[in-house]
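Comments concern the structure below.
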Amino acid sequence: MTVTEQVAGSPSPHLALSSARRARLRHRQPRRRSIALTAVMTVMLLYAVLPLFWLLVNSTKTQTSLFSTFGLWFGGRFELWHNITQTLTYNHDIFLRWLGNTALYVVAGAGSATLLATMAGYGLAKFDFPGRRLLLAVVLGAAAIPSTALALPTFLMFSKLGLTNTPWSIILPSMVSPLGLYLIWIYASEAIPDELLEAARMDGASEFRTFFTISFGLLRPGIVTVLLFTVVATWNNYFLPLIMLSDPKWYPLTVGLSQWNAQSWTAGGQTIYNLVITGSLLAIVPIVVAFFFMQRHWQSGLTAGSVKQ
C-alpha cells in the first residue's frame with residue numbers, strides 16, 4: 001500500500017479533532033449534570049438538617065442564653081444534661097407520662113394498622129372476589145382524603161359512643177391506613193409469585209399458614225415501609241389528640257409540648273422555653289433510632305432479585 005493510499009484510507013485530522021471534541025463533550029455533560037444534582041441534594045440536605053441542628057444547639061443553652069446568643073451556634077454554659085433532667089422531672093414527671101402515652105398509641109395504633117393493611121392488601125392482590133374493583137376504588141379514594149378532614153366527624157362519632165378523652169379515641173382511628181393498604185397491595189402483586197402460592201396450597205397449607213410462613217417474609221420490605229409511615233404519622237399526630245383529649249394525663253408528646261409552649265409565652269407565667277426545645281429534641285430521638293434500625297430491611301428489599309442465580 002502506497003503512502004497516498006494510506007493517507008486516503010486514514011481519517012482526516014479535522015475529523016479526528018472533531019471526534020476528540022465530541023468525546024470531551026460527552027464526558028463533560030454528565031459532569032455538569034452531576035454537579036447540578038449534587039448542588040440540589042446539598043440544598044435539600046441543609047433544609048432537612050438545619051432545623052435539627054438548631055434544636056440540638058439550643059438544647060444546650062440556658063433560658064437566658066437562648067435569646068442572647070446566635071441561634072445556630074453554641075454559646076454560654078453547656079446545659080444539655082441539666083435541661084434533660086429538668087424536662088423529665090418538670091411538673092411531676094409529666095413528660096415521661098406523655099412519652100408513655102405516645103408509645104402506647106404507636107404500638108397499639110400503628111402496629112395494628114400495619115398488620116391490618118398487610119393482610120387486606122395481600123388479600124386484594126392475591127384473591128379474586130366480587131366487588132374487588134369497587135373496594136380498590138374506595139381504598140384509593142380514602143387514601144386521597146386528608147386526615148384533618150375526618151377529625152371532626154370522628155370526634156362527633158366517638159362523642160356519641162362515649163369514647164372521647166380515652167386512649168381508644170386515638171388508637172382506633174390510628175388503626176386505619178388506606179395508604180398502607182394500597183402500598184401493600186401494589187407490592188404484593190409483584191413480590192409474591194402466584195406459582196409459589198399454588199405450590200403451598202397443593203402441599204396442603206392453609207391460607208393463614210401460607211400467609212404467615214411464606215408471604216409474610218416476602219412482604220417484609222413493604223411491611224417495614226408501611227410500619228414506618230404509620231409510626232411517624234401516629235407519633236406526630238397532633239390535631240386528632242387535640243380535639244379528642246381534654247385530660248393532660250392522656251396527652252401525647254405533640255399536644256403536651258404544645259401546651260408547654262403556650263405556657264412559656266403566657267404573660268406572667270413561668271418561662272420554660274428551654275424545656276420545650278429540649279423536649280422536642282427528646283421526642284425525635286425514637287423516630288431517628290427506628291429509621292436506623294429498619295433501613296437494612298429496605299436495603300435488602302431493594303437488592304432482592306437483582307443478582308441472577
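Residues are named by chain letter and number: chains run A, B, ... in the order of the C-alpha cells, numbers start at 1 in each chain, and ligands are numbered from 1 in the order shown.
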Can you tell me which residues surround Tyr182 (chain A) at a distance of at most 10 Å, considering only C-alpha atoms, apart from same-chain residues fewer than 4 positions away, and format the answer as a PyMOL selection string?
chain A and resi 117-118+120-122+124-125+136+139-140+143+177-178+186-188+226
Identify, on the basis of only C-alpha atoms, every residue whose closest approach to Leu228 (chain A) does not exceed 9 Å; exclude the query and any residue fewer than 4 positions from it along the same chain; express the result as a PyMOL selection string.
chain A and resi 110+223-224+232-233+287+290-291+294
Export of the given selection (C-alpha atoms) as an mmCIF file, in the first residue's frame:
```cif
data_model
loop_
_atom_site.group_PDB
_atom_site.id
_atom_site.type_symbol
_atom_site.label_atom_id
_atom_site.label_comp_id
_atom_site.auth_asym_id
_atom_site.auth_seq_id
_atom_site.Cartn_x
_atom_site.Cartn_y
_atom_site.Cartn_z
ATOM 1 C CA ALA A 110 -49.547 1.879 64.185
ATOM 2 C CA ILE A 223 -44.316 -4.086 55.696
ATOM 3 C CA VAL A 224 -41.380 -2.096 57.061
ATOM 4 C CA VAL A 232 -44.323 8.537 62.040
ATOM 5 C CA ALA A 233 -47.926 9.549 61.389
ATOM 6 C CA ILE A 287 -38.032 8.110 65.361
ATOM 7 C CA ALA A 290 -36.346 3.454 64.387
ATOM 8 C CA PHE A 291 -35.165 4.595 60.961
ATOM 9 C CA MET A 294 -35.167 -0.549 59.966
#
```
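Distances from A:Trp235, A:Gly111, A:Met244, A:Phe216 to Met157 (chain A) were compared using only C-alpha atoms, and the smallest one belongs to A:Met244.
Across the structure, CA of Phe212 (chain A) and CA of Leu135 (chain A) are spaced 23.6 Å apart.
Coordinates place CA of Leu172 (chain A) at a distance of 12.1 Å from CA of Leu104 (chain A).
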Which residues are near Pro167 (chain A)? Cut-off 9 Å, only C-alpha atoms, ignore same chain within fewer than 6 positions. Put them as a PyMOL selection string.
chain A and resi 101+104-105+245+250
Keeping N, CA and C atoms for every residue in the selection just given, could you write it to a file as an mmCIF file, in the first residue's frame?
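Output file selection11.cif follows:
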```
data_model
loop_
_atom_site.group_PDB
_atom_site.id
_atom_site.type_symbol
_atom_site.label_atom_id
_atom_site.label_comp_id
_atom_site.auth_asym_id
_atom_site.auth_seq_id
_atom_site.Cartn_x
_atom_site.Cartn_y
_atom_site.Cartn_z
ATOM 1 N N ASN A 101 -47.633 7.595 76.832
ATOM 2 C CA ASN A 101 -48.873 7.651 76.055
ATOM 3 C C ASN A 101 -48.584 7.552 74.561
ATOM 4 N N LEU A 104 -47.707 4.074 73.647
ATOM 5 C CA LEU A 104 -48.904 3.240 73.626
ATOM 6 C C LEU A 104 -49.693 3.424 72.338
ATOM 7 N N TYR A 105 -49.889 4.667 71.934
ATOM 8 C CA TYR A 105 -50.636 4.937 70.708
ATOM 9 C C TYR A 105 -49.915 4.388 69.478
ATOM 10 N N LEU A 245 -58.842 14.779 73.315
ATOM 11 C CA LEU A 245 -58.396 14.654 74.701
ATOM 12 C C LEU A 245 -58.474 15.996 75.412
ATOM 13 N N TRP A 250 -53.566 12.034 79.422
ATOM 14 C CA TRP A 250 -53.644 11.209 78.221
ATOM 15 C C TRP A 250 -53.022 11.884 77.013
#
```
Counting only C-alpha atoms, the residue of A:Gly123, A:Pro248, A:Gly109, A:Gly76 that sits nearest Leu227 (chain A):
A:Gly109
Using only C-alpha atoms, which protein or nucleic acid residues come within 12 Å of region 158-162 of chain A? Drop anything in the same chain fewer than 3 positions from it, and give the result as a ChimeraX atom specification.
/A:151-155,165-173,240,243-245
Compile the contact shell of Leu196 (chain A) as JSON, numbers by chain: residues with an atom at most 12 Å away, counting only C-alpha atoms, same-chain residues fewer than 5 positions apart removed.
{"A": [126, 191, 201, 202, 203, 205, 210, 211, 213, 214, 215, 218]}
Could you give me, as a VMD selection string, each residue of region 72-256 of chain A that DSSP assigns to alpha helix (DSSP H) when run on this structure's backbone?
chain A and resid 80 to 105 111 to 126 132 to 144 147 to 161 168 to 174 178 to 191 194 to 202 207 to 210 216 to 218 220 to 235 239 to 244 253 to 256
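You will find CA of Ile84 (chain A) at 26.3 Å from CA of Ser246 (chain A).
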Got a sec: who's within 12 Å of Ile94 (chain A), counting only C-alpha atoms, leaving out chain neighbours fewer than 2 positions off, as a PyMOL selection string?
chain A and resi 86-92+96-101+248-253+256-257+259-260+279
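Distance check against Gly71 (chain A) using only C-alpha atoms: of A:Thr85, A:Ala200, A:Trp185, A:Trp54, the minimum falls on A:Trp54.
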